[in-house]
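Q: See input_23.cif below, with mmCIF, C-alpha atoms, pLDDT in the B column; chains and numbers go by the auth columns.
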```
data_data
loop_
_atom_site.group_PDB
_atom_site.id
_atom_site.type_symbol
_atom_site.label_atom_id
_atom_site.label_comp_id
_atom_site.label_asym_id
_atom_site.label_seq_id
_atom_site.Cartn_x
_atom_site.Cartn_y
_atom_site.Cartn_z
_atom_site.B_iso_or_equiv
_atom_site.auth_seq_id
_atom_site.auth_asym_id
ATOM 1 C CA MET A 1 -65.451 55.912 -95.503 83.00 159 L
ATOM 2 C CA ASN A 2 -68.296 57.807 -93.882 87.00 160 L
ATOM 3 C CA VAL A 3 -70.644 59.153 -96.550 91.00 161 L
ATOM 4 C CA LYS A 4 -73.106 61.985 -95.910 94.00 162 L
ATOM 5 C CA PHE A 5 -75.744 62.959 -98.473 94.00 163 L
ATOM 6 C CA VAL A 6 -77.146 66.406 -99.279 93.00 164 L
ATOM 7 C CA GLU A 7 -80.087 66.779 -101.649 93.00 165 L
ATOM 8 C CA ARG A 8 -80.660 70.186 -103.243 91.00 166 L
ATOM 9 C CA LYS A 9 -84.008 70.582 -104.979 87.00 167 L
ATOM 10 C CA VAL A 10 -84.064 66.856 -105.738 91.00 168 L
ATOM 11 C CA LYS A 11 -85.062 63.662 -103.962 93.00 169 L
ATOM 12 C CA VAL A 12 -82.748 60.739 -104.706 92.00 170 L
ATOM 13 C CA SER A 13 -83.577 57.058 -104.347 93.00 171 L
ATOM 14 C CA GLU A 14 -82.007 54.672 -101.868 95.00 172 L
ATOM 15 C CA GLU A 15 -80.623 52.726 -104.835 95.00 173 L
ATOM 16 C CA LEU A 16 -78.690 55.792 -106.015 94.00 174 L
ATOM 17 C CA LYS A 17 -77.360 56.366 -102.491 94.00 175 L
ATOM 18 C CA ALA A 18 -76.237 52.723 -102.272 95.00 176 L
ATOM 19 C CA TYR A 19 -74.608 53.026 -105.717 95.00 177 L
ATOM 20 C CA THR A 20 -72.797 56.182 -104.580 94.00 178 L
ATOM 21 C CA VAL A 21 -71.514 54.512 -101.407 93.00 179 L
ATOM 22 C CA LYS A 22 -70.266 51.549 -103.463 93.00 180 L
ATOM 23 C CA LYS A 23 -68.436 53.890 -105.857 93.00 181 L
ATOM 24 C CA CYS A 24 -66.965 55.984 -103.016 90.00 182 L
ATOM 25 C CA GLU A 25 -65.636 52.809 -101.405 88.00 183 L
ATOM 26 C CA LYS A 26 -63.221 52.582 -104.360 88.00 184 L
ATOM 27 C CA LEU A 27 -61.416 55.481 -102.719 86.00 185 L
ATOM 28 C CA ASP A 28 -60.984 53.563 -99.424 84.00 186 L
ATOM 29 C CA ARG A 29 -57.730 52.101 -100.737 83.00 187 L
ATOM 30 C CA TYR A 30 -56.240 55.599 -100.354 81.00 188 L
ATOM 31 C CA PHE A 31 -57.918 56.776 -97.163 76.00 189 L
ATOM 32 C CA GLY A 32 -59.150 53.809 -95.181 71.00 190 L
ATOM 33 C CA GLN A 33 -62.100 54.180 -92.847 72.00 191 L
ATOM 34 C CA GLU A 34 -61.014 57.525 -91.361 79.00 192 L
ATOM 35 C CA ALA A 35 -62.149 59.619 -94.350 85.00 193 L
ATOM 36 C CA ASP A 36 -65.443 61.512 -94.634 89.00 194 L
ATOM 37 C CA ALA A 37 -67.270 62.181 -97.878 91.00 195 L
ATOM 38 C CA GLN A 38 -70.079 64.615 -98.530 94.00 196 L
ATOM 39 C CA VAL A 39 -72.102 63.962 -101.675 94.00 197 L
ATOM 40 C CA THR A 40 -74.397 66.720 -102.929 94.00 198 L
ATOM 41 C CA TYR A 41 -77.028 65.942 -105.542 95.00 199 L
ATOM 42 C CA SER A 42 -78.806 68.654 -107.529 93.00 200 L
ATOM 43 C CA ILE A 43 -80.637 69.187 -110.801 92.00 201 L
ATOM 44 C CA LEU A 44 -80.444 72.499 -112.647 87.00 202 L
ATOM 45 C CA ARG A 45 -81.840 73.061 -116.134 87.00 203 L
ATOM 46 C CA GLY A 46 -82.029 69.334 -116.831 87.00 204 L
ATOM 47 C CA GLN A 47 -78.416 68.720 -115.822 91.00 205 L
ATOM 48 C CA HIS A 48 -77.805 66.235 -112.992 94.00 206 L
ATOM 49 C CA THR A 49 -74.963 67.494 -110.830 94.00 207 L
ATOM 50 C CA VAL A 50 -73.042 65.488 -108.252 94.00 208 L
ATOM 51 C CA GLU A 51 -70.428 67.168 -106.069 93.00 209 L
ATOM 52 C CA ILE A 52 -68.218 64.978 -103.902 93.00 210 L
ATOM 53 C CA THR A 53 -65.959 66.400 -101.210 90.00 211 L
ATOM 54 C CA VAL A 54 -63.664 63.973 -99.374 88.00 212 L
ATOM 55 C CA THR A 55 -61.982 65.099 -96.150 86.00 213 L
ATOM 56 C CA HIS A 56 -58.977 63.215 -94.806 81.00 214 L
ATOM 57 C CA LYS A 57 -56.446 64.526 -92.282 77.00 215 L
ATOM 58 C CA ASN A 58 -57.068 68.225 -93.057 72.00 216 L
ATOM 59 C CA MET A 59 -56.847 67.587 -96.791 77.00 217 L
ATOM 60 C CA TYR A 60 -59.765 68.141 -99.112 82.00 218 L
ATOM 61 C CA PHE A 61 -60.470 66.474 -102.432 85.00 219 L
ATOM 62 C CA ARG A 62 -63.378 67.881 -104.423 89.00 220 L
ATOM 63 C CA ALA A 63 -64.935 66.961 -107.735 90.00 221 L
ATOM 64 C CA GLU A 64 -68.114 68.041 -109.484 91.00 222 L
ATOM 65 C CA GLU A 65 -69.654 66.333 -112.474 93.00 223 L
ATOM 66 C CA GLN A 66 -72.628 67.430 -114.577 93.00 224 L
ATOM 67 C CA THR A 67 -74.348 65.059 -117.007 93.00 225 L
ATOM 68 C CA SER A 68 -77.846 64.142 -118.122 93.00 226 L
ATOM 69 C CA ASP A 69 -77.857 61.085 -115.809 93.00 227 L
ATOM 70 C CA MET A 70 -77.259 61.081 -112.041 94.00 228 L
ATOM 71 C CA TYR A 71 -75.464 57.701 -112.100 94.00 229 L
ATOM 72 C CA ALA A 72 -73.050 58.949 -114.776 95.00 230 L
ATOM 73 C CA SER A 73 -72.422 62.064 -112.690 94.00 231 L
ATOM 74 C CA VAL A 74 -71.505 59.901 -109.680 95.00 232 L
ATOM 75 C CA ASP A 75 -69.121 57.840 -111.837 95.00 233 L
ATOM 76 C CA GLY A 76 -67.487 60.959 -113.261 94.00 234 L
ATOM 77 C CA ALA A 77 -67.011 62.640 -109.880 93.00 235 L
ATOM 78 C CA VAL A 78 -65.436 59.560 -108.267 93.00 236 L
ATOM 79 C CA ASP A 79 -63.169 59.052 -111.291 93.00 237 L
ATOM 80 C CA SER A 80 -62.138 62.706 -111.127 91.00 238 L
ATOM 81 C CA ILE A 81 -61.043 62.392 -107.493 89.00 239 L
ATOM 82 C CA ASP A 82 -59.184 59.193 -108.379 89.00 240 L
ATOM 83 C CA ARG A 83 -57.350 61.051 -111.189 87.00 241 L
ATOM 84 C CA GLN A 84 -56.460 63.913 -108.817 84.00 242 L
ATOM 85 C CA ILE A 85 -54.897 61.457 -106.391 81.00 243 L
ATOM 86 C CA GLN A 86 -53.054 59.584 -109.148 82.00 244 L
ATOM 87 C CA LYS A 87 -51.681 62.809 -110.607 78.00 245 L
ATOM 88 C CA ASN A 88 -50.286 63.905 -107.238 74.00 246 L
ATOM 89 C CA LYS A 89 -49.497 60.475 -105.809 71.00 247 L
ATOM 90 C CA THR A 90 -45.844 61.177 -105.006 67.00 248 L
ATOM 91 C CA ARG A 91 -46.734 64.233 -102.940 68.00 249 L
ATOM 92 C CA LEU A 92 -49.740 62.595 -101.319 67.00 250 L
ATOM 93 C CA SER A 93 -48.105 59.289 -100.408 64.00 251 L
ATOM 94 C CA LYS A 94 -46.649 60.752 -97.204 60.00 252 L
ATOM 95 C CA ARG A 95 -50.021 62.029 -95.995 58.00 253 L
ATOM 96 C CA MET A 96 -52.220 59.086 -96.886 58.00 254 L
ATOM 97 C CA ARG A 97 -52.305 55.460 -95.791 51.00 255 L
ATOM 98 C CA GLN A 98 -48.897 53.843 -95.921 52.00 256 L
ATOM 99 C CA ASP A 99 -49.982 51.056 -98.275 52.00 257 L
ATOM 100 C CA SER A 100 -52.376 53.063 -100.438 52.00 258 L
ATOM 101 C CA PHE A 101 -50.064 53.031 -103.458 51.00 259 L
ATOM 102 C CA ALA A 102 -48.376 49.687 -102.768 49.00 260 L
ATOM 103 C CA LYS A 103 -51.095 47.585 -104.394 50.00 261 L
ATOM 104 C CA ALA A 104 -51.081 47.191 -108.132 41.00 262 L
ATOM 105 C CA MET A 105 -53.743 49.576 -109.341 48.00 263 L
ATOM 106 C CA PRO A 106 -54.994 50.095 -112.837 47.00 264 L
ATOM 107 C CA ILE A 107 -53.351 53.306 -113.988 45.00 265 L
ATOM 108 C CA SER A 108 -53.980 54.793 -117.374 45.00 266 L
ATOM 109 C CA PRO A 109 -50.849 55.228 -119.509 44.00 267 L
ATOM 110 C CA VAL A 110 -51.491 58.968 -119.803 43.00 268 L
ATOM 111 C CA VAL A 111 -51.151 59.445 -116.047 46.00 269 L
ATOM 112 C CA GLU A 112 -48.156 57.102 -115.852 45.00 270 L
ATOM 113 C CA ASP A 113 -46.198 58.979 -118.527 45.00 271 L
ATOM 114 C CA GLU A 114 -46.795 62.458 -117.099 51.00 272 L
ATOM 115 C CA PRO A 115 -43.785 63.906 -115.313 54.00 273 L
ATOM 116 C CA ASP A 116 -44.317 65.097 -111.767 57.00 274 L
ATOM 117 C CA GLU A 117 -45.696 68.586 -111.924 64.00 275 L
ATOM 118 C CA GLU A 118 -43.682 71.070 -109.910 73.00 276 L
ATOM 119 C CA PHE A 119 -45.469 73.704 -107.889 77.00 277 L
ATOM 120 C CA GLU A 120 -43.462 76.664 -109.033 85.00 278 L
ATOM 121 C CA VAL A 121 -44.341 80.183 -107.932 86.00 279 L
ATOM 122 C CA VAL A 122 -43.736 82.318 -111.011 85.00 280 L
ATOM 123 C CA ARG A 123 -44.719 85.665 -109.548 85.00 281 L
ATOM 124 C CA VAL A 124 -44.868 87.191 -106.086 88.00 282 L
ATOM 125 C CA LYS A 125 -46.744 90.383 -105.481 84.00 283 L
ATOM 126 C CA GLU A 126 -46.924 92.392 -102.280 86.00 284 L
ATOM 127 C CA LEU A 127 -50.213 94.049 -101.465 81.00 285 L
ATOM 128 C CA ASP A 128 -51.310 96.901 -99.285 80.00 286 L
ATOM 129 C CA VAL A 129 -54.328 95.254 -97.762 87.00 287 L
ATOM 130 C CA LYS A 130 -56.813 97.857 -96.625 84.00 288 L
ATOM 131 C CA PRO A 131 -59.967 97.573 -94.567 90.00 289 L
ATOM 132 C CA MET A 132 -63.123 97.877 -96.671 90.00 290 L
ATOM 133 C CA THR A 133 -66.662 96.580 -96.939 90.00 291 L
ATOM 134 C CA VAL A 134 -67.647 93.595 -99.055 92.00 292 L
ATOM 135 C CA GLU A 135 -69.396 95.862 -101.558 90.00 293 L
ATOM 136 C CA ASP A 136 -66.263 97.999 -101.934 87.00 294 L
ATOM 137 C CA ALA A 137 -64.125 94.874 -102.448 89.00 295 L
ATOM 138 C CA ILE A 138 -66.461 93.543 -105.165 89.00 296 L
ATOM 139 C CA MET A 139 -66.464 96.921 -106.875 86.00 297 L
ATOM 140 C CA GLN A 140 -62.648 97.072 -106.717 86.00 298 L
ATOM 141 C CA MET A 141 -62.390 93.515 -108.094 85.00 299 L
ATOM 142 C CA ASN A 142 -64.685 94.410 -110.996 81.00 300 L
ATOM 143 C CA LEU A 143 -62.763 97.603 -111.714 76.00 301 L
ATOM 144 C CA LEU A 144 -59.534 95.599 -111.914 77.00 302 L
ATOM 145 C CA SER A 145 -61.211 92.830 -113.983 78.00 303 L
ATOM 146 C CA HIS A 146 -59.884 90.196 -111.583 86.00 304 L
ATOM 147 C CA GLU A 147 -61.490 86.887 -110.651 90.00 305 L
ATOM 148 C CA PHE A 148 -60.838 87.410 -106.915 92.00 306 L
ATOM 149 C CA PHE A 149 -59.878 90.172 -104.488 91.00 307 L
ATOM 150 C CA PHE A 150 -58.095 89.949 -101.111 93.00 308 L
ATOM 151 C CA PHE A 151 -59.000 92.487 -98.410 92.00 309 L
ATOM 152 C CA ILE A 152 -59.557 93.139 -94.699 93.00 310 L
ATOM 153 C CA ASN A 153 -63.277 93.087 -93.986 93.00 311 L
ATOM 154 C CA SER A 154 -64.264 96.081 -91.884 91.00 312 L
ATOM 155 C CA ASP A 155 -67.684 94.501 -91.253 88.00 313 L
ATOM 156 C CA GLU A 156 -66.146 91.295 -89.806 84.00 314 L
ATOM 157 C CA ASN A 157 -63.878 92.847 -87.133 86.00 315 L
ATOM 158 C CA GLY A 158 -60.831 93.057 -89.399 88.00 316 L
ATOM 159 C CA LYS A 159 -60.759 89.463 -90.624 92.00 317 L
ATOM 160 C CA TYR A 160 -58.917 88.646 -93.832 93.00 318 L
ATOM 161 C CA CYS A 161 -61.301 87.848 -96.668 94.00 319 L
ATOM 162 C CA VAL A 162 -61.336 86.965 -100.344 95.00 320 L
ATOM 163 C CA VAL A 163 -64.262 87.701 -102.648 95.00 321 L
ATOM 164 C CA TYR A 164 -64.443 85.826 -105.926 95.00 322 L
ATOM 165 C CA ARG A 165 -66.610 85.530 -109.010 92.00 323 L
ATOM 166 C CA ARG A 166 -68.471 82.197 -109.194 90.00 324 L
ATOM 167 C CA LYS A 167 -68.805 80.259 -112.449 85.00 325 L
ATOM 168 C CA SER A 168 -72.549 79.879 -111.891 84.00 326 L
ATOM 169 C CA GLY A 169 -72.938 83.633 -111.426 87.00 327 L
ATOM 170 C CA GLY A 170 -72.831 85.826 -108.372 91.00 328 L
ATOM 171 C CA TYR A 171 -70.003 86.163 -105.901 94.00 329 L
ATOM 172 C CA GLY A 172 -68.525 84.081 -103.100 95.00 330 L
ATOM 173 C CA MET A 173 -66.505 85.071 -100.070 95.00 331 L
ATOM 174 C CA LEU A 174 -63.858 83.272 -98.017 95.00 332 L
ATOM 175 C CA ILE A 175 -63.398 84.474 -94.421 94.00 333 L
ATOM 176 C CA SER A 176 -60.434 83.605 -92.227 92.00 334 L
ATOM 177 C CA LYS A 177 -61.230 81.996 -88.877 86.00 335 L
ATOM 178 C CA GLU A 178 -58.727 84.094 -86.941 74.00 336 L
#
```
Could you quickly redo this structure as structure tokens?

A:
Amino acid sequence: MNVKFVERKVKVSEELKAYTVKKCEKLDRYFGQEADAQVTYSILRGQHTVEITVTHKNMYFRAEEQTSDMYASVDGAVDSIDRQIQKNKTRLSKRMRQDSFAKAMPISPVVEDEPDEEFEVVRVKELDVKPMTVEDAIMQMNLLSHEFFFFINSDENGKYCVVYRRKSGGYGMLISKE
């Protein structure tokens, strides 16, 4: 696994980077060497945050952990990605390494006893998507008390966009490539 590090408002030691690489190598049994991981370290209000994003064959696995210790945050984020894979192992087995689930792996009984979760669409809604500015879309989202809003961005040459409310405050925007 190729690991890339990003440090936001914090300088991390080489020992922590080596520890992170060692922990991320636990995930190699699923991905092999062709996966890429980006690890972002940050400290905000005394909380050590580690965000790990693993990319493998156009699939993304992301986990974020916040604790009072950076090493514990690394452990929690790697374990969270491991749990995501275990929870969806039947769906993921076709897209990952052929032998990634063949080896006997320690699986917690809680994950083993869970039935496979079905991805059931419970509601479909058609929308009249209209061109508008980002400010208009945020205002419309707030008026509707929604967490996100889908629109055509008139400032971006008619690209499809989604604005959303971030947990840490502020807003985010997703823009389509085409």

Q: May I have the residues within 7 Å of range 223-235 of chain L as a PDB file with C-alpha atoms, in the frame of the given file, using all atoms listed in the file and disregarding those fewer than 2 positions away in the same chain?

A:
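Okay, part27.pdb is ready:
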```pdb
ATOM      1  CA  THR L 178     -72.797  56.182-104.580  1.00 94.00           C
ATOM      2  CA  GLY L 204     -82.029  69.334-116.831  1.00 87.00           C
ATOM      3  CA  GLN L 205     -78.416  68.720-115.822  1.00 91.00           C
ATOM      4  CA  HIS L 206     -77.805  66.235-112.992  1.00 94.00           C
ATOM      5  CA  THR L 207     -74.963  67.494-110.830  1.00 94.00           C
ATOM      6  CA  VAL L 208     -73.042  65.488-108.252  1.00 94.00           C
ATOM      7  CA  GLU L 209     -70.428  67.168-106.069  1.00 93.00           C
ATOM      8  CA  ILE L 210     -68.218  64.978-103.902  1.00 93.00           C
ATOM      9  CA  ALA L 221     -64.935  66.961-107.735  1.00 90.00           C
ATOM     10  CA  ASP L 237     -63.169  59.052-111.291  1.00 93.00           C
ATOM     11  CA  SER L 238     -62.138  62.706-111.127  1.00 91.00           C
ATOM     12  CA  ILE L 239     -61.043  62.392-107.493  1.00 89.00           C
TER      13      ILE L 239
END
```

Q: Between L:Asn300, L:Thr291, L:Ser334, L:Asn246, which residue has the minimum interatomic distance to Tyr318 in chain L, considering only C-alpha atoms?

A: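 Between L:Asn300, L:Thr291, L:Ser334, L:Asn246, the residue approaching Tyr318 in chain L most closely is L:Ser334.
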
Q: Expressed in Å to a single decimal, how great is the separation between CA of Glu192 in chain L and CA of Val170 in chain L?

A: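 Rounded to one decimal, the two atoms are 25.7 Å apart.
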
Q: Check the smallest atom-to-atom distance from each of L:Lys162, L:Lys175, L:Lys169, L:Lys215 to Gln196 in chain L using only C-alpha atoms, then report the winner.

A: L:Lys162

Q: Rank L:Arg166, L:Glu172, L:Asp186, L:Met217 by their smallest atom-to-atom distance to Thr198 in chain L, using all atoms listed in the file, and report the top residue only.

A: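 Nearest to Thr198 in chain L: L:Arg166.
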
Q: Rounded to one decimal, what separation in Å do you get between CA of Val320 in chain L and CA of Thr211 in chain L?

A: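 It comes out at 21.1 Å.
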
Q: Applied to the shown file, which residues does the PyMOL selection byres ((chain L and resi 309-316) around 9) return, written as a list in words?

A: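 So the PyMOL selection byres ((chain L and resi 309-316) around 9) ends up selecting Asp286, Val287, Lys288, Pro289, Met290, Thr291, Val292, Ala295, Phe307, Phe308, Lys317, Tyr318, Cys319, Val320, Val321 and Ile333 of chain L.
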
Q: Once N, CA and C atoms are restored for range 182-194 of chain L, what would the output be as a PDB file, in the coordinates of the input?

A:
```
ATOM      1  N   CYS L 182     -67.882  55.261-103.911  1.00 90.00           N
ATOM      2  CA  CYS L 182     -66.965  55.984-103.016  1.00 90.00           C
ATOM      3  C   CYS L 182     -66.039  55.030-102.274  1.00 90.00           C
ATOM      4  N   GLU L 183     -66.484  53.795-102.067  1.00 88.00           N
ATOM      5  CA  GLU L 183     -65.636  52.809-101.405  1.00 88.00           C
ATOM      6  C   GLU L 183     -64.410  52.457-102.233  1.00 88.00           C
ATOM      7  N   LYS L 184     -64.416  52.766-103.534  1.00 88.00           N
ATOM      8  CA  LYS L 184     -63.221  52.582-104.360  1.00 88.00           C
ATOM      9  C   LYS L 184     -62.079  53.445-103.843  1.00 88.00           C
ATOM     10  N   LEU L 185     -62.433  54.562-103.212  1.00 86.00           N
ATOM     11  CA  LEU L 185     -61.416  55.481-102.719  1.00 86.00           C
ATOM     12  C   LEU L 185     -60.866  55.058-101.360  1.00 86.00           C
ATOM     13  N   ASP L 186     -61.461  54.037-100.724  1.00 84.00           N
ATOM     14  CA  ASP L 186     -60.984  53.563 -99.424  1.00 84.00           C
ATOM     15  C   ASP L 186     -59.551  53.061 -99.481  1.00 84.00           C
ATOM     16  N   ARG L 187     -59.103  52.606-100.643  1.00 83.00           N
ATOM     17  CA  ARG L 187     -57.730  52.101-100.737  1.00 83.00           C
ATOM     18  C   ARG L 187     -56.722  53.217-100.474  1.00 83.00           C
ATOM     19  N   TYR L 188     -57.120  54.469-100.643  1.00 81.00           N
ATOM     20  CA  TYR L 188     -56.240  55.599-100.354  1.00 81.00           C
ATOM     21  C   TYR L 188     -56.393  56.083 -98.917  1.00 81.00           C
ATOM     22  N   PHE L 189     -57.628  56.109 -98.428  1.00 76.00           N
ATOM     23  CA  PHE L 189     -57.918  56.776 -97.163  1.00 76.00           C
ATOM     24  C   PHE L 189     -58.182  55.831 -96.005  1.00 76.00           C
ATOM     25  N   GLY L 190     -58.719  54.682 -96.259  1.00 71.00           N
ATOM     26  CA  GLY L 190     -59.150  53.809 -95.181  1.00 71.00           C
ATOM     27  C   GLY L 190     -60.486  54.286 -94.636  1.00 71.00           C
ATOM     28  N   GLN L 191     -60.799  53.864 -93.433  1.00 72.00           N
ATOM     29  CA  GLN L 191     -62.100  54.180 -92.847  1.00 72.00           C
ATOM     30  C   GLN L 191     -62.140  55.571 -92.206  1.00 72.00           C
ATOM     31  N   GLU L 192     -61.023  56.247 -92.071  1.00 79.00           N
ATOM     32  CA  GLU L 192     -61.014  57.525 -91.361  1.00 79.00           C
ATOM     33  C   GLU L 192     -61.382  58.718 -92.237  1.00 79.00           C
ATOM     34  N   ALA L 193     -61.775  58.516 -93.460  1.00 85.00           N
ATOM     35  CA  ALA L 193     -62.149  59.619 -94.350  1.00 85.00           C
ATOM     36  C   ALA L 193     -63.654  59.862 -94.304  1.00 85.00           C
ATOM     37  N   ASP L 194     -64.036  61.115 -94.564  1.00 89.00           N
ATOM     38  CA  ASP L 194     -65.443  61.512 -94.634  1.00 89.00           C
ATOM     39  C   ASP L 194     -65.721  62.051 -96.024  1.00 89.00           C
TER      40      ASP L 194
END
```
